[in-house]
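Text of protein.txt (compact mmCIF, C-alpha atoms) as supplied:
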# COMPACT_ATOMS: atom_id res chain seq x y z
CA MET A 1 -67.46 73.39 6.07
CA HIS A 2 -67.86 75.25 2.77
CA LEU A 3 -71.47 75.48 1.74
CA GLY A 4 -72.86 74.87 -1.69
CA TYR A 5 -70.23 73.23 -3.82
CA ASP A 6 -71.37 74.60 -7.11
CA THR A 7 -72.34 72.07 -9.75
CA LYS A 8 -75.06 69.48 -10.21
CA MET A 9 -72.71 66.62 -10.97
CA ILE A 10 -69.31 67.07 -9.49
CA ALA A 11 -66.44 65.27 -11.14
CA TYR A 12 -64.21 64.93 -8.12
CA LYS A 13 -60.69 64.59 -9.49
CA TYR A 14 -57.41 63.45 -8.02
CA ALA A 15 -55.88 66.95 -8.18
CA GLN A 16 -58.68 68.26 -5.96
CA PHE A 17 -58.40 65.29 -3.63
CA LYS A 18 -54.69 65.95 -3.20
CA ASN A 19 -55.36 69.44 -1.85
CA ASP A 20 -58.34 68.34 0.20
CA VAL A 21 -56.40 65.62 1.97
CA VAL A 22 -53.81 68.12 3.15
CA ASN A 23 -56.56 70.40 4.46
CA LEU A 24 -58.47 67.56 6.10
CA ALA A 25 -55.29 66.28 7.73
CA SER A 26 -54.74 69.70 9.31
CA LEU A 27 -58.29 69.68 10.65
CA CYS A 28 -57.85 66.15 12.03
CA GLU A 29 -54.63 66.88 13.90
CA SER A 30 -56.29 68.44 16.93
CA PHE A 31 -58.12 65.18 17.66
CA HIS A 32 -54.74 63.38 17.80
CA PRO A 33 -56.06 60.13 16.36
CA ASP A 34 -53.93 57.02 16.85
CA THR A 35 -56.08 54.83 14.61
CA LEU A 36 -57.88 55.35 11.31
CA VAL A 37 -60.81 53.20 10.24
CA ALA A 38 -61.85 53.37 6.61
CA VAL A 39 -65.49 52.73 5.87
CA ALA A 40 -65.24 50.43 2.84
CA ARG A 41 -65.31 50.90 0.08
CA GLY A 42 -65.66 54.66 -0.33
CA GLY A 43 -63.42 55.69 2.53
CA MET A 44 -60.41 53.58 1.68
CA THR A 45 -58.39 55.85 -0.61
CA LEU A 46 -59.02 58.79 1.74
CA ALA A 47 -58.06 56.79 4.82
CA HIS A 48 -54.84 55.66 3.16
CA ALA A 49 -54.03 59.25 2.21
CA LEU A 50 -54.80 60.57 5.70
CA SER A 51 -52.71 57.83 7.26
CA MET A 52 -49.75 59.02 5.23
CA ALA A 53 -50.44 62.72 5.89
CA LEU A 54 -50.85 62.15 9.63
CA ASP A 55 -48.25 59.38 9.90
CA ILE A 56 -50.67 56.96 11.50
CA ARG A 57 -49.74 53.33 10.93
CA ASN A 58 -52.79 51.80 12.59
CA LEU A 59 -55.10 51.79 9.58
CA GLN A 60 -58.06 49.46 9.44
CA THR A 61 -61.17 48.87 7.38
CA ILE A 62 -64.74 48.23 8.33
CA ARG A 63 -67.61 47.19 6.09
CA CYS A 64 -71.17 47.99 6.88
CA GLU A 65 -74.11 46.19 5.43
CA SER A 66 -77.60 47.43 5.97
CA TYR A 67 -81.03 46.46 4.77
CA ASP A 68 -83.21 48.96 3.00
CA GLY A 69 -86.34 49.98 4.76
CA LYS A 70 -87.56 51.61 7.90
CA GLU A 71 -85.40 49.50 10.14
CA GLN A 72 -82.19 50.30 8.28
CA ARG A 73 -80.38 51.76 11.25
CA SER A 74 -81.05 48.94 13.61
CA SER A 75 -80.21 46.27 11.07
CA LEU A 76 -76.73 47.50 10.27
CA THR A 77 -74.12 44.78 10.42
CA ILE A 78 -70.42 45.45 10.77
CA LYS A 79 -68.23 43.08 8.77
CA GLY A 80 -64.58 42.50 9.51
CA GLY A 81 -63.44 42.86 13.06
CA CYS A 82 -61.35 45.82 14.10
CA ASP A 83 -58.50 45.46 16.54
CA PHE A 84 -58.59 48.39 18.94
CA SER A 85 -56.33 46.82 21.56
CA LEU A 86 -53.78 49.62 21.10
CA SER A 87 -56.28 52.37 20.24
CA LYS A 88 -57.48 55.28 22.34
CA ARG A 89 -58.56 57.81 19.72
CA VAL A 90 -60.13 56.42 16.57
CA LEU A 91 -61.04 58.44 13.50
CA ILE A 92 -63.73 56.96 11.23
CA VAL A 93 -63.07 57.92 7.60
CA ASP A 94 -65.60 58.02 4.77
CA ASP A 95 -65.76 59.82 1.46
CA ILE A 96 -69.28 61.21 1.89
CA VAL A 97 -71.89 61.27 4.62
CA ASP A 98 -75.10 61.08 2.64
CA SER A 99 -78.13 59.92 4.62
CA GLY A 100 -75.84 59.56 7.61
CA GLN A 101 -77.58 56.36 8.66
CA THR A 102 -74.50 54.20 8.28
CA LEU A 103 -72.24 56.56 10.23
CA HIS A 104 -74.85 57.06 12.94
CA ALA A 105 -75.35 53.33 13.44
CA LEU A 106 -71.64 52.59 13.19
CA LEU A 107 -70.75 55.13 15.88
CA ASP A 108 -73.56 53.80 18.09
CA ILE A 109 -72.22 50.28 17.81
CA LEU A 110 -68.57 51.22 18.27
CA ARG A 111 -69.17 53.55 21.23
CA THR A 112 -71.25 50.88 22.97
CA GLN A 113 -68.69 48.18 22.26
CA TYR A 114 -65.66 50.30 23.19
CA PRO A 115 -66.81 52.86 25.78
CA GLU A 116 -63.23 53.68 26.77
CA ILE A 117 -62.26 54.76 23.23
CA LEU A 118 -62.89 58.22 21.77
CA PHE A 119 -64.34 58.17 18.28
CA GLN A 120 -64.56 61.02 15.80
CA SER A 121 -65.48 60.99 12.13
CA VAL A 122 -64.29 62.72 8.99
CA SER A 123 -65.56 62.94 5.43
CA ILE A 124 -64.83 65.05 2.38
CA PHE A 125 -68.51 65.73 1.63
CA THR A 126 -71.55 65.84 3.87
CA LYS A 127 -75.22 66.44 3.19
CA LEU A 128 -76.72 68.94 5.58
CA THR A 129 -79.78 66.68 5.73
CA ALA A 130 -77.73 63.76 7.04
CA LEU A 131 -78.90 62.13 10.28
CA ILE A 132 -75.50 62.91 11.76
CA GLN A 133 -72.81 65.39 10.77
CA PRO A 134 -69.24 64.16 10.95
CA ASP A 135 -66.88 66.01 13.29
CA ILE A 136 -64.75 67.11 10.35
CA SER A 137 -65.81 67.69 6.75
CA LEU A 138 -64.82 70.03 3.94
CA TYR A 139 -67.83 70.47 1.68
CA GLU A 140 -71.56 70.33 1.67
CA ALA A 141 -72.79 67.85 -0.92
CA THR A 142 -75.78 69.21 -2.70
CA ASP A 143 -75.57 66.99 -5.76
CA TRP A 144 -74.11 63.76 -6.98
CA ILE A 145 -70.37 63.42 -6.50
CA ASP A 146 -68.56 61.39 -9.12
CA PHE A 147 -65.43 60.38 -7.21
CA PHE A 148 -62.37 59.58 -9.29
CA TRP A 149 -62.15 56.10 -7.78
CA GLU A 150 -65.63 55.39 -9.13
CA ARG A 151 -64.77 56.56 -12.61
CA ASP A 152 -61.07 56.28 -13.45
CA PHE A 153 -60.66 52.54 -13.40
CA LEU A 154 -63.47 51.43 -15.64
CA LYS A 155 -62.42 49.93 -18.95
CA MET B 1 -44.13 41.47 -16.11
CA HIS B 2 -42.16 44.22 -17.79
CA LEU B 3 -38.51 44.04 -16.90
CA GLY B 4 -36.34 46.94 -15.88
CA TYR B 5 -38.53 49.97 -15.27
CA ASP B 6 -35.99 52.55 -16.26
CA THR B 7 -35.04 55.06 -13.59
CA LYS B 8 -33.22 55.00 -10.28
CA MET B 9 -35.92 56.78 -8.35
CA ILE B 10 -39.32 56.35 -9.83
CA ALA B 11 -41.90 59.04 -9.10
CA TYR B 12 -44.98 56.89 -9.44
CA LYS B 13 -47.80 59.29 -10.28
CA TYR B 14 -51.56 59.03 -10.23
CA ALA B 15 -51.83 59.22 -14.04
CA GLN B 16 -49.65 56.11 -14.35
CA PHE B 17 -51.56 54.36 -11.57
CA LYS B 18 -54.82 54.99 -13.38
CA ASN B 19 -53.60 53.10 -16.44
CA ASP B 20 -51.93 50.39 -14.40
CA VAL B 21 -55.09 49.62 -12.42
CA VAL B 22 -57.02 48.99 -15.61
CA ASN B 23 -54.30 46.64 -16.84
CA LEU B 24 -53.98 44.87 -13.50
CA ALA B 25 -57.74 44.44 -13.30
CA SER B 26 -57.72 42.70 -16.69
CA LEU B 27 -54.99 40.36 -15.48
CA CYS B 28 -56.89 39.63 -12.26
CA GLU B 29 -60.17 38.74 -13.97
CA SER B 30 -59.20 35.19 -14.84
CA PHE B 31 -58.79 34.35 -11.14
CA HIS B 32 -62.40 35.46 -10.54
CA PRO B 33 -61.74 36.81 -7.05
CA ASP B 34 -64.73 37.37 -4.79
CA THR B 35 -62.73 39.12 -2.08
CA LEU B 36 -59.87 41.62 -2.06
CA VAL B 37 -57.56 42.01 0.89
CA ALA B 38 -55.38 45.11 1.01
CA VAL B 39 -52.07 44.79 2.78
CA ALA B 40 -52.02 48.01 4.82
CA ARG B 41 -50.92 50.55 4.36
CA GLY B 42 -49.32 50.36 0.91
CA GLY B 43 -51.96 48.19 -0.75
CA MET B 44 -55.01 50.18 0.24
CA THR B 45 -55.40 52.66 -2.60
CA LEU B 46 -54.71 49.90 -5.12
CA ALA B 47 -57.18 47.53 -3.49
CA HIS B 48 -59.86 50.20 -3.49
CA ALA B 49 -59.20 50.91 -7.16
CA LEU B 50 -59.24 47.21 -8.11
CA SER B 51 -62.45 46.70 -6.15
CA MET B 52 -64.09 49.38 -8.28
CA ALA B 53 -62.57 48.09 -11.54
CA LEU B 54 -63.59 44.50 -10.81
CA ASP B 55 -66.85 45.38 -9.02
CA ILE B 56 -65.93 43.42 -5.90
CA ARG B 57 -67.66 44.70 -2.78
CA ASN B 58 -65.92 42.39 -0.32
CA LEU B 59 -62.88 44.55 0.37
CA GLN B 60 -60.87 44.07 3.54
CA THR B 61 -57.59 45.15 5.06
CA ILE B 62 -54.90 43.25 6.84
CA ARG B 63 -51.93 44.65 8.72
CA CYS B 64 -48.75 42.71 9.15
CA GLU B 65 -46.16 43.42 11.78
CA SER B 66 -42.83 41.67 11.74
CA TYR B 67 -39.64 41.87 13.70
CA ASP B 68 -36.35 42.49 11.97
CA GLY B 69 -33.83 39.74 12.08
CA LYS B 70 -33.31 36.18 11.02
CA GLU B 71 -36.62 35.04 12.43
CA GLN B 72 -38.60 37.67 10.58
CA ARG B 73 -40.78 35.29 8.66
CA SER B 74 -41.88 33.21 11.58
CA SER B 75 -42.53 36.24 13.79
CA LEU B 76 -45.03 37.89 11.50
CA THR B 77 -48.24 38.88 13.22
CA ILE B 78 -51.45 39.60 11.39
CA LYS B 79 -53.47 42.43 12.89
CA GLY B 80 -57.15 42.89 12.26
CA GLY B 81 -59.22 39.82 11.60
CA CYS B 82 -60.54 39.10 8.16
CA ASP B 83 -64.00 37.70 7.63
CA PHE B 84 -63.83 35.05 4.93
CA SER B 85 -67.19 33.45 5.73
CA LEU B 86 -68.48 34.32 2.25
CA SER B 87 -65.13 34.04 0.43
CA LYS B 88 -63.87 31.35 -1.91
CA ARG B 89 -61.28 33.17 -4.00
CA VAL B 90 -59.27 35.84 -2.24
CA LEU B 91 -56.83 38.22 -3.91
CA ILE B 92 -54.14 39.73 -1.67
CA VAL B 93 -53.25 43.23 -2.88
CA ASP B 94 -50.04 45.13 -2.20
CA ASP B 95 -48.26 48.00 -3.91
CA ILE B 96 -44.84 46.35 -4.07
CA VAL B 97 -43.38 42.98 -3.25
CA ASP B 98 -39.91 43.90 -2.06
CA SER B 99 -38.18 41.25 0.07
CA GLY B 100 -41.32 39.16 -0.29
CA GLN B 101 -41.07 38.04 3.33
CA THR B 102 -44.36 39.59 4.37
CA LEU B 103 -46.30 38.15 1.44
CA HIS B 104 -44.70 34.74 1.87
CA ALA B 105 -45.53 34.57 5.57
CA LEU B 106 -48.99 36.02 5.07
CA LEU B 107 -49.91 33.45 2.41
CA ASP B 108 -48.50 30.66 4.63
CA ILE B 109 -50.69 31.77 7.52
CA LEU B 110 -53.83 32.31 5.46
CA ARG B 111 -53.55 29.05 3.50
CA THR B 112 -53.06 27.13 6.74
CA GLN B 113 -55.93 28.89 8.45
CA TYR B 114 -58.31 28.68 5.46
CA PRO B 115 -57.37 25.55 3.49
CA GLU B 116 -60.65 25.60 1.56
CA ILE B 117 -60.03 29.10 0.15
CA LEU B 118 -57.95 29.86 -2.94
CA PHE B 119 -55.52 32.73 -2.49
CA GLN B 120 -53.66 34.66 -5.15
CA SER B 121 -51.64 37.85 -4.91
CA VAL B 122 -51.16 40.97 -7.00
CA SER B 123 -48.79 43.93 -6.86
CA ILE B 124 -47.82 46.75 -9.16
CA PHE B 125 -44.09 46.27 -8.60
CA THR B 126 -42.04 43.23 -7.67
CA LYS B 127 -38.36 42.69 -7.05
CA LEU B 128 -37.03 39.67 -8.88
CA THR B 129 -35.03 38.87 -5.76
CA ALA B 130 -38.17 38.60 -3.63
CA LEU B 131 -38.67 35.40 -1.66
CA ILE B 132 -41.96 34.92 -3.47
CA GLN B 133 -43.30 36.36 -6.71
CA PRO B 134 -46.94 37.44 -6.71
CA ASP B 135 -49.26 35.72 -9.18
CA ILE B 136 -49.88 39.01 -10.97
CA SER B 137 -47.58 42.01 -11.24
CA LEU B 138 -46.84 44.67 -13.83
CA TYR B 139 -43.27 45.84 -13.32
CA GLU B 140 -39.97 44.73 -11.97
CA ALA B 141 -38.79 47.11 -9.27
CA THR B 142 -35.11 47.72 -9.64
CA ASP B 143 -34.97 50.95 -7.66
CA TRP B 144 -36.83 52.96 -5.10
CA ILE B 145 -40.46 53.67 -5.97
CA ASP B 146 -41.84 56.95 -4.70
CA PHE B 147 -45.57 56.22 -4.72
CA PHE B 148 -47.87 59.22 -5.00
CA TRP B 149 -49.61 58.30 -1.75
CA GLU B 150 -46.28 58.60 0.03
CA ARG B 151 -45.54 62.01 -1.44
CA ASP B 152 -48.68 63.95 -2.39
CA PHE B 153 -50.21 64.48 1.03
CA LEU B 154 -47.28 65.89 2.93
CA LYS B 155 -47.59 69.51 3.95
Please lay out the structure from this file as structure tokens.
Amino acid sequence: MHLGYDTKMIAYKYAQFKNDVVNLASLCESFHPDTLVAVARGGMTLAHALSMALDIRNLQTIRCESYDGKEQRSSLTIKGGCDFSLSKRVLIVDDIVDSGQTLHALLDILRTQYPEILFQSVSIFTKLTALIQPDISLYEATDWIDFFWERDFLK
Amino acid sequence: MHLGYDTKMIAYKYAQFKNDVVNLASLCESFHPDTLVAVARGGMTLAHALSMALDIRNLQTIRCESYDGKEQRSSLTIKGGCDFSLSKRVLIVDDIVDSGQTLHALLDILRTQYPEILFQSVSIFTKLTALIQPDISLYEATDWIDFFWERDFLK
């Protein structure tokens, strides 16, 4: 993971994403995932891109809702059921691991519910202070990332 | 819908997509969707973009598998359960409606399963010969569309 991406407010553009997806896909190959799960909403464009780069057709979405407060981790709720009946190696995909609470709780829940499945996780950006580091990530996030999907489609 | 997009092999680029999402979002507003469902894999980047443009957090994915042949429509299987417990107006999102068989069968299944929910559909491209036309679409597809998510992430 590259340390210290170098601005205070990073405008993360499609051209950069295009290169990053190719690099992330290379890093993901050794896990040999058969299933990708996008963490909605932020992970969806990345998961779609990785599914094309890795030629993985089993592409699903999960939504996590959590309550603010001290009990955030334990009160996480997963919305939308995944179908892992054909899955053995599942890669969880998100744009950024920030506090890491969602990813930590999500992996806890999924590993308990599906003990026979291997789970790994990937993100573009990760904060070093996150509760959990994803298995694969490209950049440390030190500041606010303004992803193109948060900016390009506003009127 | 604009008729006759004008090349034989359309390289559909991100810059075009960016404009199209804003236009599609305007067209989708009158339906007042509370939920977006991406048809995986092709509809995922568009659904993510529309969810940001329309500020809709309830964003889900559905996968459809069908067998080739005369019985294609009736043999469609939906993979990955949706959670419509909080949904009243659901917009199905796909990149292109080609034969229209998947969309037709999917809407049949969903409207039967959730008779109290209103469903509409949106795509960027539609073939005029499709079995069903989506409620909202920007362009007629007369030729092969090479979407950027099918091209930009290959090594």
Exercise. Hey, what's within 7 Å of Ser87 (chain B) if we count only C-alpha atoms and toss same-chain stuff fewer than 3 positions away? As a PyMOL selection string, please?
Worked result: chain B and resi 34-35+84+90
Ala130 (chain B) surroundings by only C-alpha atoms, 7 Å radius, close-in-sequence under 6 positions cut, as a PDB file with C-alpha atoms, in the coordinates of the input:
ATOM      1  CA  VAL B  97     -43.380  42.980  -3.250  1.00  0.00           C
ATOM      2  CA  ASP B  98     -39.910  43.900  -2.060  1.00  0.00           C
ATOM      3  CA  SER B  99     -38.180  41.250   0.070  1.00  0.00           C
ATOM      4  CA  GLY B 100     -41.320  39.160  -0.290  1.00  0.00           C
TER       5      GLY B 100
END
Exercise. How many Å lie between CA of Val93 (chain B) and CA of Ser51 (chain A), rounded to one decimal?
Worked result: 17.8 Å
Problem set entry | Within 10 Å of region 135-145 of chain B using only C-alpha atoms, minus same-chain residues under 4 positions, as an MDAnalysis selection string | chainID B and resid 1:12 20:21 23:25 27:28 31 91:98 119:129 150
Mind writing the picked residues with C-alpha atoms as a short mmCIF file (atom, residue, chain, number, x, y, z; two decimals), in the frame of the given file?
data_model
loop_
_atom_site.label_atom_id
_atom_site.label_comp_id
_atom_site.auth_asym_id
_atom_site.auth_seq_id
_atom_site.Cartn_x
_atom_site.Cartn_y
_atom_site.Cartn_z
CA MET B 1 -44.13 41.47 -16.11
CA HIS B 2 -42.16 44.22 -17.79
CA LEU B 3 -38.51 44.04 -16.90
CA GLY B 4 -36.34 46.94 -15.88
CA TYR B 5 -38.53 49.97 -15.27
CA ASP B 6 -35.99 52.55 -16.26
CA THR B 7 -35.04 55.06 -13.59
CA LYS B 8 -33.22 55.00 -10.28
CA MET B 9 -35.92 56.78 -8.35
CA ILE B 10 -39.32 56.35 -9.83
CA ALA B 11 -41.90 59.04 -9.10
CA TYR B 12 -44.98 56.89 -9.44
CA ASP B 20 -51.93 50.39 -14.40
CA VAL B 21 -55.09 49.62 -12.42
CA ASN B 23 -54.30 46.64 -16.84
CA LEU B 24 -53.98 44.87 -13.50
CA ALA B 25 -57.74 44.44 -13.30
CA LEU B 27 -54.99 40.36 -15.48
CA CYS B 28 -56.89 39.63 -12.26
CA PHE B 31 -58.79 34.35 -11.14
CA LEU B 91 -56.83 38.22 -3.91
CA ILE B 92 -54.14 39.73 -1.67
CA VAL B 93 -53.25 43.23 -2.88
CA ASP B 94 -50.04 45.13 -2.20
CA ASP B 95 -48.26 48.00 -3.91
CA ILE B 96 -44.84 46.35 -4.07
CA VAL B 97 -43.38 42.98 -3.25
CA ASP B 98 -39.91 43.90 -2.06
CA PHE B 119 -55.52 32.73 -2.49
CA GLN B 120 -53.66 34.66 -5.15
CA SER B 121 -51.64 37.85 -4.91
CA VAL B 122 -51.16 40.97 -7.00
CA SER B 123 -48.79 43.93 -6.86
CA ILE B 124 -47.82 46.75 -9.16
CA PHE B 125 -44.09 46.27 -8.60
CA THR B 126 -42.04 43.23 -7.67
CA LYS B 127 -38.36 42.69 -7.05
CA LEU B 128 -37.03 39.67 -8.88
CA THR B 129 -35.03 38.87 -5.76
CA GLU B 150 -46.28 58.60 0.03
#
Exercise. Mind listing as a count of residues only which residues of chain B are within 7 Å of chain A, counting all atoms listed in the file?
Worked result: 25
Draw an axis-aligned box over all listed atoms of region 52-57 of chain B, pad each side with 8 Å, and write its centre and edge lengths in Å, one decimal, as AutoDock Vina command-line options.
--center_x -65.1 --center_y 46.4 --center_z -7.2 --size_x 21.1 --size_y 22.0 --size_z 24.8
For this session: Provide the CA of Ser85 (chain A) to CA of Ala105 (chain B) distance in Å, to one decimal place.
Result: 22.9 Å
Seminar exercise, completed: Atom pair CA of Thr102 (chain B) + CA of Ile132 (chain B), distance 9.4 Å
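Taking all atoms listed in the file into account, Leu76 (chain A) lies nearest to A:Ile109 out of the set A:Ile117, A:Ile109, A:Val37, A:Leu131.
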